[in-house]
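Q: Next comes upload_6.txt, compact mmCIF, C-alpha atoms and all ligand atoms:
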```txt
# COMPACT_ATOMS: atom_id res chain seq x y z
CA MET A 1 17.16 19.39 301.96
CA GLN A 2 16.36 22.19 304.43
CA ASN A 3 15.17 25.62 303.24
CA THR A 4 17.99 27.41 305.02
CA THR A 5 20.93 25.97 306.89
CA LYS A 6 23.05 28.09 309.19
CA ALA A 7 26.54 27.41 310.53
CA GLN A 8 28.97 29.27 312.74
CA ALA A 9 32.76 29.14 312.92
CA HIS A 10 35.51 31.12 314.59
CA PRO A 11 38.80 32.39 313.23
CA ASN A 12 41.95 30.78 314.48
CA ILE A 13 45.39 32.20 315.04
CA ALA A 14 48.46 30.20 314.21
CA LEU A 15 51.10 29.83 316.91
CA VAL A 16 53.31 28.00 314.42
CA LYS A 17 52.67 29.82 311.17
CA TYR A 18 52.06 28.70 307.62
CA TRP A 19 53.43 31.02 304.91
CA GLY A 20 54.04 29.39 301.54
CA LYS A 21 52.42 26.50 299.69
CA GLN A 22 53.55 23.29 298.04
CA ASP A 23 53.65 23.11 294.23
CA LYS A 24 50.82 20.57 294.23
CA GLN A 25 47.07 20.45 293.83
CA GLY A 26 44.91 20.86 296.93
CA ASN A 27 46.15 24.13 298.44
CA LEU A 28 48.70 22.39 300.65
CA PRO A 29 50.88 24.36 303.09
CA ALA A 30 54.62 23.94 302.68
CA THR A 31 55.13 23.52 306.43
CA PRO A 32 53.34 21.98 309.42
CA ASN A 33 51.37 24.56 311.39
CA LEU A 34 49.41 24.80 314.61
CA SER A 35 46.72 27.14 315.90
CA ILE A 36 44.22 28.00 318.56
CA THR A 37 40.59 28.63 317.68
CA LEU A 38 39.16 31.83 319.13
CA SER A 39 35.84 32.42 320.84
CA ASN A 40 33.84 35.68 320.49
CA LEU A 41 34.95 36.45 316.93
CA THR A 42 32.31 34.71 314.85
CA THR A 43 31.37 34.11 311.24
CA THR A 44 27.75 33.11 310.68
CA THR A 45 26.93 31.68 307.26
CA GLU A 46 23.58 30.63 305.89
CA VAL A 47 22.94 28.66 302.73
CA GLN A 48 19.67 28.40 300.84
CA ASN A 49 18.71 27.15 297.41
CA LYS A 50 18.57 29.77 294.68
CA GLN A 51 14.94 30.17 293.66
CA ASN A 52 15.47 31.78 290.26
CA GLY A 53 18.42 31.25 287.98
CA THR A 54 21.49 29.05 288.11
CA ALA A 55 24.20 31.47 289.22
CA ASP A 56 25.26 31.32 292.87
CA GLU A 57 24.81 34.48 294.90
CA PHE A 58 27.12 35.59 297.68
CA HIS A 59 26.40 38.23 300.30
CA LEU A 60 29.09 39.34 302.72
CA ASN A 61 28.10 41.49 305.69
CA GLY A 62 24.80 42.39 304.02
CA GLU A 63 26.16 43.33 300.59
CA GLN A 64 26.10 41.21 297.46
CA VAL A 65 29.68 40.62 296.27
CA GLU A 66 31.55 38.69 293.58
CA ASP A 67 34.24 36.37 294.89
CA ASP A 68 36.30 34.42 292.32
CA LYS A 69 37.88 32.23 294.97
CA LEU A 70 34.49 31.19 296.26
CA HIS A 71 33.11 30.54 292.76
CA GLY A 72 36.14 28.39 291.92
CA TRP A 73 35.76 26.45 295.16
CA LEU A 74 32.07 25.76 294.50
CA GLN A 75 32.90 24.55 290.99
CA THR A 76 35.42 22.08 292.39
CA LEU A 77 32.92 20.92 295.03
CA ARG A 78 30.37 20.27 292.27
CA LYS A 79 32.78 17.93 290.50
CA HIS A 80 32.32 15.62 293.51
CA PHE A 81 28.83 16.36 294.83
CA ASP A 82 25.40 17.34 293.67
CA VAL A 83 25.13 20.92 294.92
CA PRO A 84 22.37 23.12 293.43
CA ALA A 85 22.74 26.84 292.80
CA VAL A 86 22.81 28.51 296.20
CA VAL A 87 22.48 31.84 297.92
CA ILE A 88 25.18 32.23 300.59
CA LYS A 89 24.86 34.93 303.25
CA SER A 90 27.89 35.33 305.46
CA ALA A 91 28.51 37.89 308.19
CA ASN A 92 31.44 38.52 310.49
CA ASN A 93 31.18 40.24 313.86
CA PHE A 94 34.75 41.55 313.35
CA PRO A 95 36.71 43.44 310.62
CA THR A 96 36.85 41.45 307.37
CA SER A 97 40.13 40.89 305.45
CA ALA A 98 42.15 42.79 308.03
CA GLY A 99 44.35 40.07 309.46
CA LEU A 100 41.74 38.48 311.69
CA ALA A 101 41.41 35.31 309.60
CA SER A 102 37.94 35.93 308.18
CA SER A 103 38.66 33.51 305.32
CA ALA A 104 39.44 30.77 307.87
CA SER A 105 36.15 31.08 309.70
CA GLY A 106 34.36 31.81 306.39
CA PHE A 107 35.26 28.59 304.57
CA ALA A 108 34.93 26.49 307.73
CA ALA A 109 31.38 27.80 308.30
CA LEU A 110 30.52 27.45 304.61
CA ILE A 111 31.51 23.80 304.14
CA THR A 112 29.78 22.99 307.44
CA ALA A 113 26.55 24.64 306.26
CA ILE A 114 26.67 23.12 302.75
CA ASN A 115 27.48 19.67 304.15
CA THR A 116 24.26 19.65 306.16
CA HIS A 117 22.18 21.58 303.64
CA CYS A 118 22.99 19.22 300.78
CA ASP A 119 23.47 16.03 302.82
CA LEU A 120 27.02 15.55 301.61
CA GLY A 121 27.83 13.18 304.48
CA LEU A 122 31.25 14.69 305.24
CA ASN A 123 32.92 13.92 308.55
CA GLU A 124 35.22 16.46 310.29
CA GLU A 125 38.32 15.34 308.39
CA MET A 126 36.57 15.67 305.05
CA ARG A 127 35.14 19.07 305.95
CA SER A 128 38.62 20.16 306.96
CA ASN A 129 39.95 18.97 303.61
CA TRP A 130 37.34 20.99 301.72
CA ALA A 131 37.80 24.05 303.92
CA ARG A 132 41.57 23.88 303.26
CA GLN A 133 40.96 23.98 299.52
CA GLY A 134 39.20 27.31 300.01
CA SER A 135 41.81 28.74 302.39
CA ALA A 136 44.47 26.64 304.06
CA SER A 137 44.00 28.16 307.50
CA ALA A 138 40.26 27.35 307.27
CA ALA A 139 41.09 23.66 307.65
CA ARG A 140 41.98 24.44 311.29
CA SER A 141 38.74 26.31 312.14
CA ILE A 142 36.75 23.08 311.74
CA HIS A 143 38.02 22.18 315.21
CA GLY A 144 38.03 24.00 318.54
CA GLY A 145 40.89 24.31 321.03
CA PHE A 146 44.45 23.52 319.90
CA VAL A 147 44.63 22.35 316.30
CA ALA A 148 47.36 21.00 314.03
CA LEU A 149 47.55 20.94 310.23
CA VAL A 150 50.32 18.52 309.30
CA PRO A 151 51.39 16.07 306.60
CA PRO A 152 50.69 13.64 305.12
CA GLN A 153 46.90 14.11 305.19
CA TRP A 154 46.75 17.90 305.62
CA GLU A 155 43.36 17.49 307.29
CA ALA A 156 43.42 19.39 310.56
CA MET A 157 43.32 17.43 313.79
CA ARG A 158 42.56 18.58 317.30
CA LEU A 159 45.63 18.36 319.51
CA ALA A 160 43.78 19.24 322.71
CA PRO A 161 40.40 20.69 323.69
CA SER A 162 40.11 24.21 325.11
CA ALA A 163 39.64 22.80 328.61
CA HIS A 164 43.13 21.25 328.50
CA TRP A 165 44.65 24.74 328.87
CA PRO A 166 42.13 27.60 328.86
CA LEU A 167 44.39 30.35 327.58
CA GLU A 168 42.99 33.76 326.80
CA VAL A 169 43.63 36.00 323.81
CA VAL A 170 43.50 39.79 323.83
CA VAL A 171 43.24 41.24 320.32
CA ALA A 172 44.48 44.80 319.86
CA VAL A 173 42.96 46.24 316.67
CA THR A 174 45.28 48.88 315.20
CA SER A 175 43.61 49.34 311.79
CA ARG A 176 40.26 48.36 310.30
CA ALA A 177 41.40 48.76 306.69
CA ALA A 178 41.37 45.69 304.44
CA LYS A 179 44.92 44.60 303.63
CA SER A 180 46.34 45.63 300.26
CA VAL A 181 48.10 42.33 299.48
CA ASN A 182 46.12 39.22 300.38
CA SER A 183 47.75 36.19 301.99
CA THR A 184 47.74 34.00 298.87
CA GLN A 185 49.54 36.65 296.82
CA GLY A 186 51.82 37.58 299.71
CA MET A 187 53.06 34.06 300.31
CA GLN A 188 53.64 33.48 296.60
CA ARG A 189 55.78 36.60 296.59
CA SER A 190 57.76 35.51 299.65
CA LYS A 191 58.37 32.05 298.22
CA ARG A 192 59.59 33.55 294.95
CA THR A 193 61.74 36.35 296.30
CA SER A 194 62.69 36.14 299.99
CA PRO A 195 66.27 34.99 300.56
CA PHE A 196 65.08 33.53 303.86
CA TYR A 197 62.45 31.18 302.41
CA ASN A 198 64.58 28.01 302.47
CA ALA A 199 65.65 28.67 306.07
CA TRP A 200 61.97 29.07 306.93
CA LEU A 201 61.20 25.64 305.46
CA ARG A 202 64.11 24.03 307.31
CA GLY A 203 63.06 25.38 310.74
CA ALA A 204 59.35 24.62 310.62
CA ALA A 205 59.33 21.00 311.81
CA ASP A 206 61.36 21.89 314.92
CA ASP A 207 59.05 24.81 315.71
CA TYR A 208 56.03 22.55 315.31
CA SER A 209 57.50 19.89 317.63
CA ALA A 210 58.46 22.43 320.29
CA ALA A 211 55.00 24.02 320.25
CA SER A 212 53.07 20.75 320.36
CA GLU A 213 55.23 19.55 323.25
CA ALA A 214 54.69 22.87 325.09
CA ILE A 215 50.94 22.47 324.65
CA SER A 216 50.83 18.89 325.85
CA THR A 217 52.88 19.81 328.97
CA ARG A 218 51.24 23.26 329.38
CA ASN A 219 54.67 24.90 329.37
CA PHE A 220 53.86 28.59 328.84
CA THR A 221 57.48 29.79 328.60
CA GLN A 222 58.30 27.25 325.91
CA LEU A 223 55.14 28.04 323.94
CA ALA A 224 55.80 31.79 324.20
CA GLU A 225 59.34 31.41 322.89
CA VAL A 226 58.49 29.27 319.88
CA ALA A 227 55.29 31.16 318.96
CA GLU A 228 57.01 34.57 318.94
CA LEU A 229 59.92 33.10 316.99
CA SER A 230 57.63 31.55 314.37
CA CYS A 231 55.72 34.83 314.05
CA LEU A 232 58.84 36.95 313.67
CA LYS A 233 60.38 34.52 311.20
CA MET A 234 57.23 34.77 309.07
CA HIS A 235 57.29 38.58 309.21
CA SER A 236 60.99 38.48 308.29
CA LEU A 237 60.03 36.55 305.16
CA MET A 238 57.40 39.17 304.42
CA LEU A 239 59.77 42.10 304.98
CA THR A 240 62.49 40.55 302.80
CA SER A 241 60.12 39.85 299.90
CA ILE A 242 60.51 41.96 296.77
CA PRO A 243 58.61 44.24 296.84
CA THR A 244 58.50 44.16 300.61
CA LEU A 245 55.36 43.12 302.48
CA SER A 246 54.85 45.16 305.60
CA TYR A 247 51.59 44.54 307.41
CA TRP A 248 52.36 46.37 310.67
CA THR A 249 51.34 49.82 311.83
CA PRO A 250 53.46 51.80 314.33
CA ALA A 251 50.90 50.72 316.94
CA SER A 252 51.52 47.04 316.08
CA VAL A 253 55.18 47.49 317.00
CA ALA A 254 54.30 49.45 320.14
CA CYS A 255 51.95 46.63 321.22
CA MET A 256 54.75 44.07 320.83
CA ASP A 257 56.99 46.23 323.03
CA CYS A 258 54.18 46.57 325.57
CA ILE A 259 53.77 42.78 325.70
CA ARG A 260 57.52 42.27 326.24
CA THR A 261 57.36 44.78 329.11
CA LEU A 262 54.40 42.97 330.68
CA ARG A 263 56.36 39.74 330.47
CA ASP A 264 59.36 41.37 332.14
CA GLN A 265 56.96 42.40 334.94
CA GLY A 266 56.04 38.75 335.47
CA HIS A 267 52.90 38.33 333.35
CA GLN A 268 52.45 35.20 331.31
CA VAL A 269 51.84 36.67 327.87
CA PHE A 270 53.23 36.48 324.36
CA PHE A 271 52.27 38.03 321.03
CA THR A 272 51.47 36.70 317.62
CA VAL A 273 50.63 38.65 314.46
CA ASP A 274 49.17 37.35 311.20
CA ALA A 275 49.21 38.98 307.77
CA GLY A 276 47.73 42.18 309.10
CA PRO A 277 48.24 44.92 311.70
CA GLN A 278 46.32 43.39 314.62
CA ILE A 279 48.23 42.08 317.64
CA LYS A 280 47.04 39.00 319.44
CA ALA A 281 48.32 38.68 323.00
CA VAL A 282 48.00 35.12 324.25
CA CYS A 283 47.97 34.99 328.04
CA THR A 284 46.79 33.14 331.11
CA ALA A 285 43.50 34.05 332.78
CA GLU A 286 45.41 35.64 335.69
CA SER A 287 47.15 38.11 333.39
CA ARG A 288 44.25 38.88 331.06
CA SER A 289 42.92 42.06 332.67
CA ALA A 290 46.43 43.57 333.03
CA VAL A 291 47.16 42.75 329.38
CA SER A 292 43.86 44.25 328.14
CA ALA A 293 44.37 47.40 330.21
CA ALA A 294 47.98 47.90 329.08
CA LEU A 295 47.24 47.35 325.38
CA ALA A 296 44.24 49.71 325.52
CA GLN A 297 46.67 52.48 326.57
CA VAL A 298 49.00 52.00 323.60
CA PRO A 299 48.65 55.01 321.22
CA GLY A 300 46.99 53.90 317.98
CA VAL A 301 45.06 50.97 319.45
CA LEU A 302 41.48 51.39 318.24
CA GLU A 303 39.78 48.57 320.05
CA ILE A 304 40.48 45.69 322.41
CA ILE A 305 38.66 42.39 321.92
CA ASP A 306 38.92 39.76 324.65
CA CYS A 307 38.62 36.17 323.51
CA GLY A 308 39.00 32.74 324.93
CA LEU A 309 39.51 29.51 323.09
CA GLY A 310 36.54 28.65 320.92
CA GLU A 311 34.65 25.69 319.53
CA GLY A 312 34.88 24.18 316.08
CA ALA A 313 32.54 24.92 313.18
CA ARG A 314 28.99 23.79 313.83
CA ILE A 315 25.39 23.99 312.67
CA ILE A 316 23.14 26.38 314.58
CA ASP A 317 19.37 27.11 314.57
CA GLN A 318 18.29 24.15 312.52
C1 LIG B 1 48.48 31.06 309.29
N1 LIG B 1 48.17 32.85 307.65
O1 LIG B 1 49.14 30.02 309.51
C2 LIG B 1 49.12 32.11 308.42
C3 LIG B 1 49.78 33.14 309.26
C4 LIG B 1 48.29 34.25 307.80
C5 LIG B 1 49.50 34.45 308.57
O2 LIG B 1 47.29 31.06 306.72
O3 LIG B 1 46.06 31.25 300.38
O4 LIG B 1 44.03 32.73 304.19
O5 LIG B 1 43.79 31.19 301.37
O6 LIG B 1 45.40 29.34 301.82
O7 LIG B 1 44.92 30.47 304.80
C6 LIG B 1 46.47 33.09 305.94
O8 LIG B 1 46.42 32.51 304.73
O9 LIG B 1 45.74 31.61 302.76
C7 LIG B 1 47.35 32.27 306.78
P1 LIG B 1 45.22 30.79 301.52
P2 LIG B 1 45.14 31.77 304.17
O10 LIG B 1 47.37 31.26 309.80
```
Written as structure tokens, that's how I'd like the structure from this file.

A:
Amino acid sequence: MQNTTKAQAHPNIALVKYWGKQDKQGNLPATPNLSITLSNLTTTTEVQNKQNGTADEFHLNGEQVEDDKLHGWLQTLRKHFDVPAVVIKSANNFPTSAGLASSASGFAALITAINTHCDLGLNEEMRSNWARQGSASAARSIHGGFVALVPPQWEAMRLAPSAHWPLEVVVAVTSRAAKSVNSTQGMQRSKRTSPFYNAWLRGAADDYSAASEAISTRNFTQLAEVAELSCLKMHSLMLTSIPTLSYWTPASVACMDCIRTLRDQGHQVFFTVDAGPQIKAVCTAESRSAVSAALAQVPGVLEIIDCGLGEGARIIDQ
């Protein structure tokens, strides 16, 4: 066992969204979903053995924190593997818990680090399975490029590498505040109360098929149409939950309008928005600088982050 093992992973953004779980063990999404892994936004996680005491210790962005989800996940892992008490230090180079999928990159980096640190012998599928049990979207951050999370295995698989279609992603940050209702609670609420939830379930397989076909044929117009539809259907579920879940700021809405205008002007760009106020504009390399410049001018945009498609979770600095 090494003294310290370090891993890195990137967040991903879903182009066909997941919002709602199955009533089964294993943290299984209710619907097939599909994402791209981002470059530039990075979670770095290091694991070392605890020297004194038996309680795990968790540090996030330099501060020691308690995290029930993480403790529960480690307990489940220990039912299957011999994992000693550990100190986990995780840091994000982007806002945490603000709709930029820090839990996705967090659990993907963590299982990757623990796998090597404790010689668990997990392959990518198994790491994806464990990451999913921490946070379903984390299953996808094990891989780079275009990634699918589908039944029956619910272990993410890579649909295509980044080089297949090197799209770019411009993130417009409109708030750095942590969200008030986390995704797990939000999707439980939507499943329980939104009158649109059953329609959402019925449409998901078609959305998934259209998006995976658009990716394999590099059909931007088709991908744009289905990705924006999936995003807006998910936010419709959120808005029609009781009480309502509204993650957008006025600037989020203005960014969506800006992206539609850019598209009308001939740019290849579409938006997607997760459970948070940040807008992700997916575009071709030719349109990237125009998209960045236009979004930077939208009132209320605090920061623009340019990303490409990133790699999967991996060990660094052994
Ligand atoms: C997704 N999101 O497909 C959707 C779109 C956010 C909006 O999956 O309860 O952190 O930990 O499994 O994975 C965010 O939810 O939720 C998410 P849990 P997760 O990316």

Q: Rounded to one decimal place, report the CA of Tyr208 in chain A-CA of Trp73 in chain A distance in Å.

A: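 Taking CA of Tyr208 in chain A and CA of Trp73 in chain A, their separation equals 28.8 Å.
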
Q: Quick one: which chain A residues come within 8 Å of ligand LIG 1 (chain B), and what is the nearest atom pair for each with the distance in Å to one decimal, counting all atoms listed in the file, rows ordered by chain and ascending number, as a tab-separated table?

A:
```
residue	atom	partner	partner_atom	distance
A:Asn12	CA	B:LIG1	O10	7.2
A:Ile13	CA	B:LIG1	O10	5.7
A:Ala14	CA	B:LIG1	O10	4.7
A:Leu15	CA	B:LIG1	O1	7.7
A:Val16	CA	B:LIG1	O1	6.8
A:Lys17	CA	B:LIG1	O1	3.9
A:Tyr18	CA	B:LIG1	O1	3.7
A:Trp19	CA	B:LIG1	C2	5.7
A:Lys21	CA	B:LIG1	O6	7.9
A:Asn27	CA	B:LIG1	O6	6.3
A:Leu28	CA	B:LIG1	O6	7.8
A:Pro29	CA	B:LIG1	O6	7.5
A:Asn33	CA	B:LIG1	O1	6.2
A:Leu34	CA	B:LIG1	O1	7.3
A:Ser35	CA	B:LIG1	O10	7.4
A:Gly99	CA	B:LIG1	C4	7.2
A:Ala101	CA	B:LIG1	O4	6.5
A:Ser102	CA	B:LIG1	O4	8.0
A:Ser103	CA	B:LIG1	O4	5.5
A:Ala104	CA	B:LIG1	O4	6.2
A:Arg132	CA	B:LIG1	O6	6.8
A:Gln133	CA	B:LIG1	O6	7.3
A:Gly134	CA	B:LIG1	O5	6.2
A:Ser135	CA	B:LIG1	O5	3.3
A:Ala136	CA	B:LIG1	O6	3.6
A:Ser137	CA	B:LIG1	O7	3.7
A:Ala138	CA	B:LIG1	O7	6.1
A:Asn182	CA	B:LIG1	O4	7.8
A:Ser183	CA	B:LIG1	O8	4.8
A:Thr184	CA	B:LIG1	O3	3.6
A:Gln185	CA	B:LIG1	O3	7.3
A:Met187	CA	B:LIG1	O3	7.5
A:Cys231	CA	B:LIG1	C3	7.8
A:Met234	CA	B:LIG1	C3	7.6
A:Val273	CA	B:LIG1	C5	7.3
A:Asp274	CA	B:LIG1	C5	3.9
A:Ala275	CA	B:LIG1	C5	4.6
A:Gly276	CA	B:LIG1	C5	7.9
```

Q: Between CA of Asn93 in chain A and CA of Ile142 in chain A, what distance in Å does the model show, to one decimal?

A: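 Going from CA of Asn93 in chain A over to CA of Ile142 in chain A, I get 18.2 Å.
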
Q: Provide the CA of Ala156 in chain A to CA of Asn219 in chain A distance in Å, to one decimal place.

A: 22.6 Å

Q: Tell me which of A:Asp82, A:Glu303, A:Asp67, A:Asp264 sits closest to Phe94 in chain A, counting only C-alpha atoms.

A: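 The shortest atom-to-atom distance to Phe94 in chain A comes from A:Glu303.
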
Q: Per residue of range 127-193 of chain A within 12 Å of range 243-252 of chain A, note the shortest atom pair and the distance in Å to one decimal, counting only C-alpha atoms, and order the rows by chain and increasing residue number, as JSON lines.

A:
```
{"residue": "A:Val171", "atom": "CA", "partner": "A:Ser252", "partner_atom": "CA", "distance": 11.0}
{"residue": "A:Ala172", "atom": "CA", "partner": "A:Ser252", "partner_atom": "CA", "distance": 8.3}
{"residue": "A:Val173", "atom": "CA", "partner": "A:Ser252", "partner_atom": "CA", "distance": 8.6}
{"residue": "A:Thr174", "atom": "CA", "partner": "A:Ala251", "partner_atom": "CA", "distance": 6.2}
{"residue": "A:Ser175", "atom": "CA", "partner": "A:Thr249", "partner_atom": "CA", "distance": 7.7}
{"residue": "A:Arg176", "atom": "CA", "partner": "A:Thr249", "partner_atom": "CA", "distance": 11.3}
{"residue": "A:Ala177", "atom": "CA", "partner": "A:Tyr247", "partner_atom": "CA", "distance": 11.1}
{"residue": "A:Ala178", "atom": "CA", "partner": "A:Tyr247", "partner_atom": "CA", "distance": 10.7}
{"residue": "A:Lys179", "atom": "CA", "partner": "A:Tyr247", "partner_atom": "CA", "distance": 7.7}
{"residue": "A:Ser180", "atom": "CA", "partner": "A:Tyr247", "partner_atom": "CA", "distance": 8.9}
{"residue": "A:Val181", "atom": "CA", "partner": "A:Leu245", "partner_atom": "CA", "distance": 7.9}
{"residue": "A:Asn182", "atom": "CA", "partner": "A:Leu245", "partner_atom": "CA", "distance": 10.2}
{"residue": "A:Ser183", "atom": "CA", "partner": "A:Leu245", "partner_atom": "CA", "distance": 10.3}
{"residue": "A:Gln185", "atom": "CA", "partner": "A:Leu245", "partner_atom": "CA", "distance": 10.4}
{"residue": "A:Gly186", "atom": "CA", "partner": "A:Leu245", "partner_atom": "CA", "distance": 7.1}
{"residue": "A:Met187", "atom": "CA", "partner": "A:Leu245", "partner_atom": "CA", "distance": 9.6}
{"residue": "A:Gln188", "atom": "CA", "partner": "A:Leu245", "partner_atom": "CA", "distance": 11.4}
{"residue": "A:Arg189", "atom": "CA", "partner": "A:Pro243", "partner_atom": "CA", "distance": 8.2}
{"residue": "A:Ser190", "atom": "CA", "partner": "A:Leu245", "partner_atom": "CA", "distance": 8.5}
{"residue": "A:Arg192", "atom": "CA", "partner": "A:Pro243", "partner_atom": "CA", "distance": 10.9}
{"residue": "A:Thr193", "atom": "CA", "partner": "A:Pro243", "partner_atom": "CA", "distance": 8.5}
```

Q: How would the residues just chosen look if you wrote them out with C-alpha atoms as a CSV table (one decimal), in the coordinates of the input?

A:
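Wrote selection-v5.csv, looks like this:
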```
chain,number,residue,atom,x,y,z
A,171,VAL,CA,43.2,41.2,320.3
A,172,ALA,CA,44.5,44.8,319.9
A,173,VAL,CA,43.0,46.2,316.7
A,174,THR,CA,45.3,48.9,315.2
A,175,SER,CA,43.6,49.3,311.8
A,176,ARG,CA,40.3,48.4,310.3
A,177,ALA,CA,41.4,48.8,306.7
A,178,ALA,CA,41.4,45.7,304.4
A,179,LYS,CA,44.9,44.6,303.6
A,180,SER,CA,46.3,45.6,300.3
A,181,VAL,CA,48.1,42.3,299.5
A,182,ASN,CA,46.1,39.2,300.4
A,183,SER,CA,47.8,36.2,302.0
A,185,GLN,CA,49.5,36.6,296.8
A,186,GLY,CA,51.8,37.6,299.7
A,187,MET,CA,53.1,34.1,300.3
A,188,GLN,CA,53.6,33.5,296.6
A,189,ARG,CA,55.8,36.6,296.6
A,190,SER,CA,57.8,35.5,299.6
A,192,ARG,CA,59.6,33.6,295.0
A,193,THR,CA,61.7,36.4,296.3
```

Q: I need the residue nearest Glu168 in chain A from this list: A:Leu41, A:Val298, A:Cys307, A:Ala113. Use all atoms listed in the file for the distance.

A: A:Cys307

Q: Every residue with an atom at most 8 Å from (38.1, 16.6, 312.7) (file coordinates; only C-alpha atoms) is what I'm after, so could you write them as a ChimeraX atom specification?

A: /A:123-128,142-143,155-158

Q: Would you please work out which residue, of A:Arg78, A:Leu232, A:Ala163, A:Val169, is nearest to Val282 in chain A when using all atoms listed in the file?

A: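 Smallest distance to Val282 in chain A is found for A:Val169.
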
Q: Taking into account all atoms listed in the file, which residue in the set A:Phe58, A:Pro32, A:Ala293, A:Arg260 is nearest to Ser209 in chain A?

A: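 Between A:Phe58, A:Pro32, A:Ala293, A:Arg260, the residue approaching Ser209 in chain A most closely is A:Pro32.
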
Q: Centre and edge lengths of an axis-aligned box around all listed atoms of range 110-118 of chain A, with 3 Å added on each side, are to be given in Å to one decimal, as lines of an AutoDock Vina configuration file.

A:
```
center_x = 26.8
center_y = 23.3
center_z = 304.1
size_x = 15.3
size_y = 14.2
size_z = 12.7
```

Q: Using all atoms listed in the file, which of A:Leu167, A:Leu237, A:Met256, A:Ala91 sits nearest Ile215 in chain A?

A: A:Leu167

Q: Using all atoms listed in the file - which residues lie no farther than 8 Å from the point (56.7, 33.5, 318.0) in the file's frame? Write them as a list in words.

A: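 I get Leu15, Val16, Ala224, Glu225, Val226, Ala227, Glu228, Leu229, Ser230, Cys231, Leu232, Lys233, Phe270, Phe271 and Thr272 of chain A for the residues within 8 Å of that point.
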
Q: For each of A:Gly144, A:Lys6, A:Ile36, A:Thr116, take the minimum atom-to-atom distance to Lys280 in chain A, counting only C-alpha atoms, then give the residue where this is smallest.

A: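 Result for the nearest residue to Lys280 in chain A: A:Ile36.
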